[in-house]
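**Q** Got work26.cif for you, mmCIF, C-alpha atoms:
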```cif
data_query
#
loop_
_atom_site.label_atom_id
_atom_site.label_comp_id
_atom_site.auth_asym_id
_atom_site.auth_seq_id
_atom_site.Cartn_x
_atom_site.Cartn_y
_atom_site.Cartn_z
CA MET I 26 0.00 0.00 0.00
CA LEU I 27 2.81 2.43 0.99
CA ASN I 28 6.22 2.11 -0.61
CA VAL I 29 9.02 4.46 0.48
CA ASP I 30 11.95 3.93 -1.89
CA GLY I 31 15.37 5.35 -1.11
CA ILE I 32 14.32 8.87 -0.13
CA SER I 33 17.03 11.36 0.84
CA LYS I 34 16.95 15.05 1.71
CA TYR I 35 19.94 17.39 1.62
CA TYR I 36 20.19 21.07 2.49
CA GLY I 37 23.36 22.05 0.69
CA ASN I 38 26.03 19.77 2.12
CA LYS I 39 23.94 18.93 5.18
CA MET I 40 22.11 15.61 5.15
CA ALA I 41 18.71 15.39 6.87
CA ILE I 42 17.90 11.81 5.82
CA GLU I 43 19.64 9.39 3.47
CA LYS I 44 18.28 6.44 1.49
CA ILE I 45 15.27 5.64 3.71
CA SER I 46 13.25 2.68 2.38
CA PHE I 47 10.37 0.72 3.89
CA HIS I 48 7.03 -0.82 2.91
CA ALA I 49 3.67 -0.94 4.68
CA GLU I 50 0.53 -2.94 3.88
CA LYS I 51 -3.08 -2.03 4.56
CA GLY I 52 -4.02 -2.87 8.14
CA GLN I 53 -0.52 -2.29 9.52
CA ILE I 54 0.52 0.22 12.18
CA ILE I 55 4.11 1.28 11.61
CA GLY I 56 5.89 2.88 14.57
CA LEU I 57 8.47 5.55 13.72
CA LEU I 58 11.08 6.02 16.44
CA GLY I 59 14.16 8.19 16.77
CA HIS I 60 15.85 10.84 18.86
CA ASN I 61 15.19 14.55 18.22
CA GLY I 62 16.67 15.61 14.89
CA CYS I 63 16.96 12.05 13.55
CA GLY I 64 14.82 12.72 10.46
CA LYS I 65 11.35 11.52 11.49
CA SER I 66 9.57 14.77 10.59
CA THR I 67 11.51 15.07 7.33
CA THR I 68 10.47 11.53 6.40
CA MET I 69 6.81 12.21 7.18
CA ASN I 70 6.87 15.53 5.32
CA ILE I 71 8.25 13.82 2.21
CA ILE I 72 5.61 11.08 2.39
CA THR I 73 2.89 13.75 2.55
CA ASN I 74 4.60 15.79 -0.21
CA CYS I 75 5.12 18.76 2.09
CA LEU I 76 8.81 18.40 1.16
CA THR I 77 10.37 17.29 -2.11
CA PRO I 78 13.06 14.62 -1.68
CA SER I 79 16.55 15.21 -3.09
CA GLU I 80 16.34 11.64 -4.38
CA GLY I 81 14.01 8.66 -4.15
CA ASN I 82 10.23 8.51 -4.34
CA VAL I 83 7.10 7.51 -2.43
CA TRP I 84 4.15 5.54 -3.80
CA ILE I 85 0.71 5.15 -2.25
CA ASP I 86 -1.27 2.41 -3.98
CA ASP I 87 1.09 2.74 -6.96
CA VAL I 88 0.43 6.48 -7.16
CA SER I 89 3.66 8.49 -7.16
CA VAL I 90 3.54 11.27 -4.56
CA SER I 91 5.94 13.46 -6.56
CA GLU I 92 4.39 12.85 -10.00
CA HIS I 93 0.71 12.89 -8.98
CA PRO I 94 0.62 14.96 -5.76
CA ILE I 95 -3.09 15.85 -5.80
CA GLU I 96 -4.22 12.26 -6.32
CA ALA I 97 -1.76 11.02 -3.69
CA LYS I 98 -2.82 13.60 -1.10
CA ARG I 99 -6.43 12.46 -1.36
CA LYS I 100 -5.22 9.17 0.10
CA ILE I 101 -3.44 10.78 3.08
CA GLY I 102 -4.65 12.04 6.45
CA TYR I 103 -1.94 13.89 8.40
CA LEU I 104 -1.86 14.95 12.03
CA PRO I 105 1.31 17.00 12.70
CA GLU I 106 2.70 17.36 16.21
CA LEU I 107 1.05 20.79 16.39
CA PRO I 108 -2.44 20.40 14.85
CA PRO I 109 -3.09 23.05 12.14
CA LEU I 110 -6.21 24.64 13.61
CA TYR I 111 -7.80 28.09 13.29
CA LEU I 112 -8.40 29.06 16.91
CA ASP I 113 -11.19 31.55 16.06
CA MET I 114 -13.27 28.85 14.38
CA THR I 115 -15.64 26.50 16.13
CA VAL I 116 -14.88 22.79 15.94
CA GLU I 117 -17.64 22.32 13.37
CA GLU I 118 -16.37 25.23 11.23
CA GLN I 119 -12.85 23.80 11.28
CA LEU I 120 -14.09 20.38 10.14
CA LYS I 121 -16.28 21.96 7.42
CA PHE I 122 -13.20 23.84 6.24
CA ALA I 123 -11.29 20.53 6.09
CA CYS I 124 -14.12 19.00 4.06
CA GLY I 125 -13.95 21.95 1.66
CA LEU I 126 -10.22 21.46 1.13
CA ARG I 127 -10.95 17.86 0.15
CA LYS I 128 -13.79 19.02 -2.16
CA ILE I 129 -16.40 17.01 -0.26
CA SER I 130 -20.01 17.97 -0.99
CA SER I 131 -22.11 19.76 1.65
CA LYS I 132 -24.37 16.74 2.12
CA GLU I 133 -21.44 14.35 2.50
CA SER I 134 -19.64 16.84 4.80
CA LEU I 135 -22.40 16.53 7.41
CA LYS I 136 -21.98 12.74 7.46
CA GLN I 137 -18.19 13.01 7.62
CA ILE I 138 -18.27 15.49 10.50
CA GLU I 139 -20.80 13.41 12.43
CA ARG I 140 -18.66 10.30 11.96
CA VAL I 141 -15.33 11.79 13.04
CA CYS I 142 -16.87 13.63 16.00
CA GLU I 143 -18.29 10.34 17.29
CA TYR I 144 -14.96 8.60 16.71
CA LEU I 145 -13.05 11.22 18.71
CA ASN I 146 -15.79 11.81 21.31
CA ILE I 147 -15.97 15.56 20.56
CA SER I 148 -19.64 15.84 19.60
CA GLY I 149 -20.27 17.81 22.79
CA VAL I 150 -17.85 20.60 21.79
CA ARG I 151 -18.81 20.99 18.11
CA LYS I 152 -20.16 24.53 18.64
CA ARG I 153 -17.31 25.75 20.85
CA LEU I 154 -14.43 27.94 19.69
CA ILE I 155 -11.20 25.98 19.39
CA HIS I 156 -9.48 28.80 21.30
CA ASN I 157 -11.50 27.83 24.39
CA LEU I 158 -10.65 24.11 24.24
CA SER I 159 -8.01 22.37 26.33
CA LYS I 160 -4.85 21.09 24.65
CA GLY I 161 -6.20 17.55 24.80
CA TYR I 162 -9.40 18.50 22.99
CA ARG I 163 -7.47 20.47 20.37
CA GLN I 164 -5.43 17.33 19.74
CA ARG I 165 -8.67 15.40 19.23
CA VAL I 166 -9.94 18.01 16.77
CA GLY I 167 -6.69 17.71 14.81
CA PHE I 168 -7.12 13.93 14.79
CA ALA I 169 -10.72 14.30 13.59
CA GLN I 170 -9.53 16.62 10.80
CA ALA I 171 -7.00 13.99 9.66
CA LEU I 172 -9.85 11.45 9.36
CA ILE I 173 -11.95 13.67 7.10
CA GLY I 174 -12.29 12.04 3.69
CA ASN I 175 -11.60 8.56 5.11
CA PRO I 176 -7.99 8.50 3.81
CA GLU I 177 -6.26 5.17 3.22
CA LEU I 178 -3.01 6.31 4.88
CA LEU I 179 -2.95 8.03 8.29
CA ILE I 180 0.24 9.72 9.45
CA LEU I 181 0.14 10.62 13.12
CA ASP I 182 3.00 12.67 14.59
CA GLU I 183 2.94 12.47 18.40
CA PRO I 184 -0.87 12.06 18.53
CA LEU I 185 -0.97 11.41 22.30
CA VAL I 186 0.91 14.54 23.40
CA GLY I 187 -1.01 16.59 25.96
CA LEU I 188 -3.66 13.96 26.67
CA ASP I 189 -4.58 12.72 30.13
CA PRO I 190 -4.27 8.97 30.93
CA GLN I 191 -7.93 8.24 30.15
CA GLN I 192 -7.72 10.05 26.81
CA ILE I 193 -4.52 8.17 25.95
CA ILE I 194 -6.26 4.85 26.54
CA GLU I 195 -9.24 5.91 24.43
CA LEU I 196 -7.09 7.13 21.51
CA ARG I 197 -4.85 4.06 21.68
CA GLU I 198 -7.94 1.88 21.31
CA LEU I 199 -9.14 4.08 18.43
CA ILE I 200 -5.79 3.82 16.61
CA VAL I 201 -5.87 0.02 16.88
CA LYS I 202 -9.47 0.02 15.62
CA LEU I 203 -8.62 2.31 12.69
CA LYS I 204 -6.09 -0.12 11.29
CA GLU I 205 -8.99 -2.28 10.11
CA GLU I 206 -9.52 0.28 7.32
CA HIS I 207 -6.27 2.26 7.18
CA THR I 208 -2.51 1.96 7.06
CA ILE I 209 -1.07 4.02 9.93
CA ILE I 210 2.35 5.63 10.44
CA LEU I 211 2.68 6.54 14.14
CA SER I 212 5.54 8.68 15.38
CA SER I 213 5.90 8.89 19.15
CA HIS I 214 8.41 9.40 21.95
CA ILE I 215 6.22 7.30 24.24
CA LEU I 216 7.93 3.95 23.67
CA SER I 217 5.31 2.01 25.62
CA GLU I 218 2.64 3.24 23.19
CA ILE I 219 4.72 2.14 20.20
CA ALA I 220 5.15 -1.29 21.80
CA ALA I 221 1.43 -1.55 22.62
CA THR I 222 0.01 -0.52 19.25
CA CYS I 223 2.51 -1.08 16.42
CA ASP I 224 2.90 -4.15 14.23
CA GLN I 225 6.26 -3.01 12.90
CA ILE I 226 8.86 -0.59 14.27
CA ILE I 227 11.21 1.62 12.24
CA VAL I 228 14.12 3.25 14.07
CA LEU I 229 15.93 6.26 12.61
CA SER I 230 19.23 7.63 13.86
CA ASN I 231 21.08 10.62 12.42
CA GLY I 232 19.08 10.45 9.21
CA HIS I 233 19.60 6.73 8.60
CA LEU I 234 17.26 3.78 8.99
CA VAL I 235 18.93 1.53 11.57
CA ALA I 236 16.13 -1.00 12.22
CA ASN I 237 12.92 -2.17 10.59
CA ASP I 238 11.31 -5.14 12.33
CA THR I 239 8.63 -6.33 14.73
CA LEU I 240 9.17 -5.74 18.44
CA SER I 241 10.04 -9.41 19.00
CA GLY I 242 12.45 -9.27 16.06
CA LEU I 243 14.18 -6.19 17.47
CA ILE I 244 14.51 -7.87 20.86
CA GLN I 245 16.07 -10.92 19.24
CA GLN I 246 18.52 -8.77 17.28
CA ALA I 247 19.44 -6.71 20.33
CA CYS I 248 20.05 -9.72 22.59
CA GLU I 249 23.44 -10.89 21.36
CA LYS I 250 23.74 -12.69 24.70
CA GLN I 251 21.30 -13.94 27.30
CA GLU I 252 21.45 -12.46 30.78
CA TRP I 253 20.15 -14.12 33.94
CA ILE I 254 19.87 -12.76 37.48
CA LEU I 255 20.49 -15.21 40.33
CA GLN I 256 20.02 -14.79 44.07
CA ALA I 257 21.20 -17.69 46.20
CA ASP I 258 22.29 -18.40 49.78
CA GLY I 259 25.77 -19.66 50.49
CA SER I 260 29.44 -18.94 49.96
CA GLN I 261 30.14 -16.51 47.14
CA CYS I 262 33.13 -18.60 46.03
CA GLU I 263 31.06 -21.80 45.85
CA ILE I 264 28.23 -20.10 43.92
CA VAL I 265 30.63 -18.53 41.40
CA SER I 266 32.46 -21.87 41.02
CA VAL I 267 29.19 -23.67 40.15
CA ILE I 268 28.22 -20.95 37.67
CA ASN I 269 31.59 -21.00 35.91
CA GLN I 270 31.45 -24.79 35.48
CA ILE I 271 28.41 -24.49 33.17
CA PRO I 272 29.69 -24.61 29.55
CA GLN I 273 27.13 -22.10 28.17
CA VAL I 274 28.22 -19.36 30.62
CA ASN I 275 30.43 -16.61 29.21
CA ARG I 276 30.95 -14.65 32.41
CA CYS I 277 29.40 -13.74 35.77
CA GLU I 278 29.24 -10.36 37.53
CA ILE I 279 28.26 -9.77 41.16
CA LYS I 280 26.10 -6.70 41.85
CA ARG I 281 23.77 -5.33 44.52
CA SER I 282 20.03 -5.23 43.84
CA SER I 283 18.82 -1.64 43.43
CA LEU I 284 15.56 -2.62 45.18
CA SER I 285 16.51 -4.88 48.09
CA GLY I 286 20.26 -4.43 48.32
CA ALA I 287 20.69 -8.21 48.12
CA GLU I 288 23.70 -9.73 46.39
CA GLU I 289 22.89 -10.76 42.82
CA TYR I 290 24.80 -12.81 40.29
CA HIS I 291 24.40 -11.53 36.71
CA ILE I 292 25.10 -14.51 34.48
CA TYR I 293 25.79 -13.99 30.78
CA THR I 294 25.34 -17.01 28.53
CA ILE I 295 25.39 -17.77 24.83
CA GLU I 296 22.15 -16.85 23.03
CA GLY I 297 19.29 -19.28 23.61
CA ALA I 298 21.04 -21.20 26.39
CA ASP I 299 18.87 -22.68 29.18
CA ILE I 300 20.94 -23.11 32.33
CA HIS I 301 18.10 -23.96 34.75
CA ARG I 302 18.82 -27.67 35.22
CA GLU I 303 22.60 -27.48 35.51
CA LEU I 304 22.45 -24.46 37.82
CA PHE I 305 19.80 -26.01 40.10
CA ALA I 306 21.69 -29.32 40.29
CA GLY I 307 25.09 -27.71 40.89
CA LEU I 308 23.89 -25.30 43.58
CA ALA I 309 21.86 -28.03 45.30
CA GLU I 310 24.93 -30.25 45.48
CA ALA I 311 26.96 -27.33 46.88
CA GLY I 312 24.28 -26.65 49.51
CA CYS I 313 23.46 -23.20 48.11
CA PRO I 314 19.65 -22.92 47.74
CA ILE I 315 18.33 -20.64 45.01
CA ARG I 316 16.08 -17.78 46.09
CA MET I 317 15.52 -16.32 42.63
CA LEU I 318 16.52 -17.02 39.03
CA LYS I 319 15.08 -15.02 36.14
CA PRO I 320 16.08 -14.05 32.60
CA VAL I 321 16.57 -10.39 31.78
CA GLU I 322 14.54 -9.28 28.76
CA ALA I 323 15.55 -6.23 26.76
CA SER I 324 12.95 -3.46 26.87
CA LEU I 325 12.13 -1.25 23.91
CA GLU I 326 13.99 1.54 25.73
CA ASP I 327 17.13 -0.63 25.90
CA ILE I 328 16.86 -1.52 22.21
CA PHE I 329 16.22 2.09 21.18
CA LEU I 330 19.24 3.39 23.12
CA ARG I 331 21.49 0.62 21.80
CA LEU I 332 20.49 1.15 18.16
CA THR I 333 20.71 4.96 18.22
CA GLN I 334 23.90 5.12 20.30
CA ASP I 335 25.62 2.61 18.03
CA ARG I 336 24.70 4.68 14.99
CA ARG I 337 25.82 7.91 16.60
CA TYR I 338 29.14 6.32 17.48
CA GLU I 339 29.63 5.09 13.89
CA ASP I 340 28.75 8.52 12.45
CA GLU I 341 31.09 10.29 14.87
CA LYS I 342 33.95 7.91 14.02
CA GLY I 343 33.21 8.39 10.32
CA ALA I 344 33.28 12.16 10.72
CA GLU I 345 36.61 11.96 12.58
CA THR I 346 38.08 9.75 9.85
CA ASN I 347 36.94 12.11 7.08
CA HIS I 348 38.31 15.09 9.00
CA ALA I 349 41.67 13.35 9.43
CA CYS I 350 41.76 12.48 5.71
CA ASN I 351 41.02 16.09 4.79
CA LEU I 352 43.81 17.33 7.06
CA SER I 353 46.29 14.94 5.52
#
```
Write the structure described by the file as C-alpha cells, please.
**A**
Amino acid sequence: MLNVDGISKYYGNKMAIEKISFHAEKGQIIGLLGHNGCGKSTTMNIITNCLTPSEGNVWIDDVSVSEHPIEAKRKIGYLPELPPLYLDMTVEEQLKFACGLRKISSKESLKQIERVCEYLNISGVRKRLIHNLSKGYRQRVGFAQALIGNPELLILDEPLVGLDPQQIIELRELIVKLKEEHTIILSSHILSEIAATCDQIIVLSNGHLVANDTLSGLIQQACEKQEWILQADGSQCEIVSVINQIPQVNRCEIKRSSLSGAEEYHIYTIEGADIHRELFAGLAEAGCPIRMLKPVEASLEDIFLRLTQDRRYEDEKGAETNHACNLS
C-alpha cells in the first residue's frame, strides 16, 4: 500500500535523511522512532509531499507522490505534532473547512463530521471555539480533521501529546481500531505506546534507517547474549564456582540489587542457552539454595538506546576519519 523507496533530503552539504526505504501494507501500524533531529519529521513531510526529496520517491497504492501529488494527497490524512487549527473557528467550522479542502459535498460533509466527532468523542464541543478548548481536545480536533475524507493512509506525529491517561487509553484503542480500514504511520516518543500498538517498528538515527522489524524481532537482534539474574544463599566462592562450570556461561558479575540491596549474580550465557537444570543441580549439590533465578529481557527503551547510540558512534567515528583524511 505504501512504498518508500530510497528517499534522501539534503540542504546544501547537510544531510537530513539518506536512502530511507520501507514498505507498509493495509491494516498495519508502523511505529516511527528516533531521537530529536533524527529525520522523522523530514520523512513524514516527504511522504505527505510537504517536502520534495533530493532523491528517491514515495508511492501510495502505486500512485507516485511526486508525479501525482493531488491524487496522492487524497489518500493521506496527516496529524502534525502541532495540529493546524484556526483558533477563532468553532470545531464544526474547522471540520467543514477541512471537508472543503478535500472538495467534499455539503451533504457528504455533514456525514463526515458526524462520523469523526463520534470517533473522537468531541460531539459535545462541536459549537465551541477551538481557542476555548483544552490542549487535549485540540489534539482530538486535529485527529478528527485527519480522518476527514476517510484516507487510506494516516500519518500521526505524536498524537498522544497533551492527553490525560484516560484520553490516551481511548485514543490508543481508536488507533488500533482504525487499522482495520487504514494503514497508519505513528511517530511517538512514548515507547510504551509504540510497543502496545505497532505491528512493525522503524528506528531512525542521524538520518539513517537503523532498524525495521517487529518488536520481537528487534529484541532478538538486540540480545546478542542472554542475561540471567540469580540470588542464592551460600558462599560466594562456591556459587561462582558452580556458575563457571556451566559450559554455556560466558561470564558472571556480582552486583547489589537496586531494590533490596541483596547480592545478585548476573550470568551472561550464549544466546538461547537454558541453564536452569545445571544451575539447580550444581547449587543443590553445593548446599546453596536458590532464592531467585530469572532471565533479563531487553525493553524497547534498551533496544532504542542501543540502536541509536551505536549509529551515533559510527557517524562520529566516520566524521573523525573524514576530517583526518582532509587534514592529511
**Q** Would you write out, as a Markdown table, a table of all residues in region 73-174 of chain I that have an atom no more than 10 Å from an atom of region 201-214 of chain I, listing for each the closest atom pair and the distance in Å to one decimal, considering only C-alpha atoms and ordering rows by chain and rising residue number?
**A**
```
| residue | atom | partner | partner_atom | distance |
| --- | --- | --- | --- | --- |
| I:Lys100 | CA | I:His207 | CA | 9.9 |
| I:Ile101 | CA | I:Thr208 | CA | 9.7 |
| I:Gly102 | CA | I:Ile209 | CA | 9.4 |
| I:Tyr103 | CA | I:Ile210 | CA | 9.5 |
| I:Leu104 | CA | I:Leu211 | CA | 9.8 |
| I:Pro105 | CA | I:Ser212 | CA | 9.7 |
| I:Glu106 | CA | I:Ser212 | CA | 9.2 |
| I:Tyr144 | CA | I:Leu203 | CA | 9.8 |
| I:Leu172 | CA | I:Leu203 | CA | 9.8 |
```
**Q** Of the candidates I:Lys98, I:Glu218, I:Val267, I:Leu234, which shows the shortest atom-to-atom distance to Val29 (chain I), using only C-alpha atoms?
**A**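 Checking each of I:Lys98, I:Glu218, I:Val267, I:Leu234 against Val29 (chain I), counting only C-alpha atoms, the winner is I:Leu234.
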**Q** Pick out the residues sitting within 12 Å of Gly125 (chain I), and hand them over as a PyMOL selection string; count all atoms listed in the file, and ignore anything fewer than 3 positions along from it in its own chain.
**A** chain I and resi 118-122+128-135+137-138+170+173-174
**Q** I'd like the neighbourhood of region 282-285 of chain I as number ranges by chain, where a residue qualifies if any of its atoms comes within 12 Å (using all atoms listed in the file), though same-chain residues fewer than 6 positions away should be ignored.
**A** I: 254-256, 291
**Q** Determine, counting only C-alpha atoms, which protein, DNA and RNA residues have an atom within 8 Å of an atom of Val150 (chain I); residues of the same chain fewer than 3 positions away are not included. Present the result as number ranges by chain.
**A** I: 116, 147, 153
**Q** Applied to this file, what does the PyMOL selection byres ((chain I and resi 67) around 12) return in terms of residues, put as a count of residues only?
**A** 37
